[in-house]
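A.B. asks: After the structure tokens below, expect a handful of questions from me.
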Amino acid sequence: MKNKVKFCGLSRQSDISAVNRLRPDYVGFVFAKSRRQVTQEQAEDLSGQLIKEIVPVGVFADEKQDTILKFLKKEIIRAVQLHGNEDEEYIRKLKAAINVPLIKAVPVEGEEDILKAQKFSADYLLFDRGRGGTGESFSWKALRKVLAKQRIKPFFLAGGICERNIKEAMTLDAWCLDISSGIETEGRKDEKKMSRLIGLLKEE
Ligand SMILES: O=C(O)c1ccccc1N[C@@H]1O[C@H](COP(=O)(O)O)[C@@H](O)[C@H]1O
């Protein structure tokens, strides 16, 4: 596959069975406030059932660093996604304390947001619309304009990716396509949607 893929917001045993069959590169457990939020106990149980090839990512928003370190120590997660208002000082401190990939989410309204985010010392940026998990895309035109002018840090592309627009998303040079709402039906993860998206990714 040209792009890596992350299926985010898993919360049920059946979600884990589905991803173990379909093998996305990453899955996300949301610890930030959300209808998809899972507890430490749920995540520990679900993460323990994942095949080793899939990297579990913890999605946090303005979380105490000690809490994140606790999740890492227990090996519930093997990558950290910061989806709040974390600044460079917070990121630098956390990065010095961990040895797993650190992903910083950035809400994109225009080119300037993408350019300003290049200062972050996270391993990856994650371009999304607004607060995350909304099922809505930002204007990919802004990203395309920046990419035409310069190289940028490796990034996850998130926000409203689904069967309808994944082919276009695949043209945007993302390290990873990050999908949550687009693999749901009536608010629950849907293995058929996951499978069709993996199929589309494999076509290239
Ligand atoms: O998924 C959530 O509910 C969520 C809550 C708080 C912060 C981030 C959240 N999810 C992130 O949003 C994108 C997926 O967006 P979409 O649903 O596909 O539009 C992904 O990065 C998730 O980690």
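We label chains A, B, ... in the order they appear in the structure tokens, count residues from 1 in each chain, and number ligands from 1 in the order shown.
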Return as a ChimeraX atom specification the residues of protein, DNA or RNA that approach ligand 1 to within 7 Å, with only C-alpha atoms and all ligand atoms taken into account.
C.D. replies: /A:8-9,28,30,32-37,59-61,83,126,128,131-137,158-161,178-182
A.B. asks: If you count only C-alpha atoms, which residues fall within 9 Å of Lys153 (chain A), apart from same-chain ones fewer than 4 positions away, as a ChimeraX atom specification?
C.D. replies: /A:118,123-125
A.B. asks: Do you know which residues are at most 12 Å from Leu197 (chain A) counting only C-alpha atoms, after dropping those on the same chain fewer than 2 positions away, and could you put them as an MDAnalysis selection string?
C.D. replies: chainID A and resid 1 3:7 22:24 161:167 169:170 177:180 182:184 190:195 199:203
A.B. asks: Can you tell me, as a ChimeraX atom specification, what residues are no more than 12 Å from Glu53 (chain A) when counting only C-alpha atoms, ignoring any on the same chain fewer than 3 positions away?
C.D. replies: /A:19-27,47,49-50,56,78
A.B. asks: Write a file of the selected residues as an mmCIF file, in the first residue's frame, keeping N, CA, C and O atoms.
C.D. replies:
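Here's the written file again_5.cif:
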```cif
data_model
loop_
_atom_site.group_PDB
_atom_site.id
_atom_site.type_symbol
_atom_site.label_atom_id
_atom_site.label_comp_id
_atom_site.auth_asym_id
_atom_site.auth_seq_id
_atom_site.Cartn_x
_atom_site.Cartn_y
_atom_site.Cartn_z
ATOM 1 N N VAL A 19 -9.888 -5.662 12.969
ATOM 2 C CA VAL A 19 -8.576 -5.122 12.563
ATOM 3 C C VAL A 19 -7.506 -6.214 12.530
ATOM 4 O O VAL A 19 -6.596 -6.166 11.705
ATOM 5 N N ASN A 20 -7.637 -7.217 13.391
ATOM 6 C CA ASN A 20 -6.661 -8.317 13.325
ATOM 7 C C ASN A 20 -6.764 -9.059 11.991
ATOM 8 O O ASN A 20 -5.778 -9.585 11.491
ATOM 9 N N ARG A 21 -7.959 -9.067 11.423
ATOM 10 C CA ARG A 21 -8.131 -9.692 10.090
ATOM 11 C C ARG A 21 -7.594 -8.767 8.996
ATOM 12 O O ARG A 21 -6.939 -9.196 8.063
ATOM 13 N N LEU A 22 -7.888 -7.455 9.140
ATOM 14 C CA LEU A 22 -7.606 -6.513 8.034
ATOM 15 C C LEU A 22 -6.223 -5.882 8.103
ATOM 16 O O LEU A 22 -5.730 -5.352 7.110
ATOM 17 N N ARG A 23 -5.622 -5.889 9.278
ATOM 18 C CA ARG A 23 -4.247 -5.428 9.470
ATOM 19 C C ARG A 23 -3.931 -4.003 9.017
ATOM 20 O O ARG A 23 -3.043 -3.792 8.172
ATOM 21 N N PRO A 24 -4.645 -3.002 9.531
ATOM 22 C CA PRO A 24 -4.176 -1.623 9.317
ATOM 23 C C PRO A 24 -2.833 -1.467 10.036
ATOM 24 O O PRO A 24 -2.480 -2.308 10.876
ATOM 25 N N ASP A 25 -2.085 -0.422 9.701
ATOM 26 C CA ASP A 25 -0.775 -0.234 10.329
ATOM 27 C C ASP A 25 -0.903 0.226 11.777
ATOM 28 O O ASP A 25 -0.081 -0.135 12.621
ATOM 29 N N TYR A 26 -1.899 1.060 12.029
ATOM 30 C CA TYR A 26 -2.113 1.621 13.371
ATOM 31 C C TYR A 26 -3.601 1.509 13.721
ATOM 32 O O TYR A 26 -4.460 1.549 12.831
ATOM 33 N N VAL A 27 -3.892 1.421 15.012
ATOM 34 C CA VAL A 27 -5.267 1.655 15.478
ATOM 35 C C VAL A 27 -5.203 2.675 16.604
ATOM 36 O O VAL A 27 -4.162 2.813 17.260
ATOM 37 N N SER A 47 -6.203 -3.747 23.672
ATOM 38 C CA SER A 47 -4.849 -3.672 23.123
ATOM 39 C C SER A 47 -4.139 -5.016 23.276
ATOM 40 O O SER A 47 -3.385 -5.441 22.387
ATOM 41 N N GLN A 49 -5.272 -7.807 22.926
ATOM 42 C CA GLN A 49 -5.745 -8.791 21.936
ATOM 43 C C GLN A 49 -5.301 -8.475 20.508
ATOM 44 O O GLN A 49 -5.607 -9.211 19.576
ATOM 45 N N LEU A 50 -4.603 -7.335 20.351
ATOM 46 C CA LEU A 50 -4.168 -6.940 18.998
ATOM 47 C C LEU A 50 -2.991 -7.783 18.546
ATOM 48 O O LEU A 50 -2.099 -8.062 19.348
ATOM 49 N N PRO A 56 -0.782 0.191 18.438
ATOM 50 C CA PRO A 56 -1.874 0.909 19.122
ATOM 51 C C PRO A 56 -1.439 2.330 19.518
ATOM 52 O O PRO A 56 -0.410 2.504 20.158
ATOM 53 N N ARG A 78 1.608 2.086 21.869
ATOM 54 C CA ARG A 78 3.004 2.129 21.410
ATOM 55 C C ARG A 78 3.267 3.358 20.538
ATOM 56 O O ARG A 78 4.223 3.416 19.783
#
```
A.B. asks: What residues in region 18-113 of chain A get the DSSP label alpha helix (DSSP H)? Please answer as JSON, numbers by chain.
C.D. replies: {"A": [18, 19, 20, 21, 22, 40, 41, 42, 43, 44, 45, 46, 47, 48, 65, 66, 67, 68, 69, 70, 71, 72, 73, 88, 89, 90, 91, 92, 93, 94, 95, 96, 97, 111, 112, 113]}
A.B. asks: Given only C-alpha atoms as the basis, pick out the residue of A:Pro154, A:Gly84, A:Gly187, A:Gly48 nearest to Gly130 (chain A).
C.D. replies: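 Of all the options, A:Gly84 lies closest to Gly130 (chain A).
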A.B. asks: Go through A:Val38, A:Leu46, A:Ile152, A:Ala117 one by one, measure the shortest atom-to-atom distance of each to Gln13 (chain A) using only C-alpha atoms, and give the residue with the smallest value.
C.D. replies: A:Leu46
A.B. asks: Report as a PyMOL selection string: the residues of region 20-159 of chain A with a DSSP assignment of strand (DSSP E or B), based on the backbone of this structure.
C.D. replies: chain A and resi 26-30+37+55-60+79-82+102-107+124-128+155-158
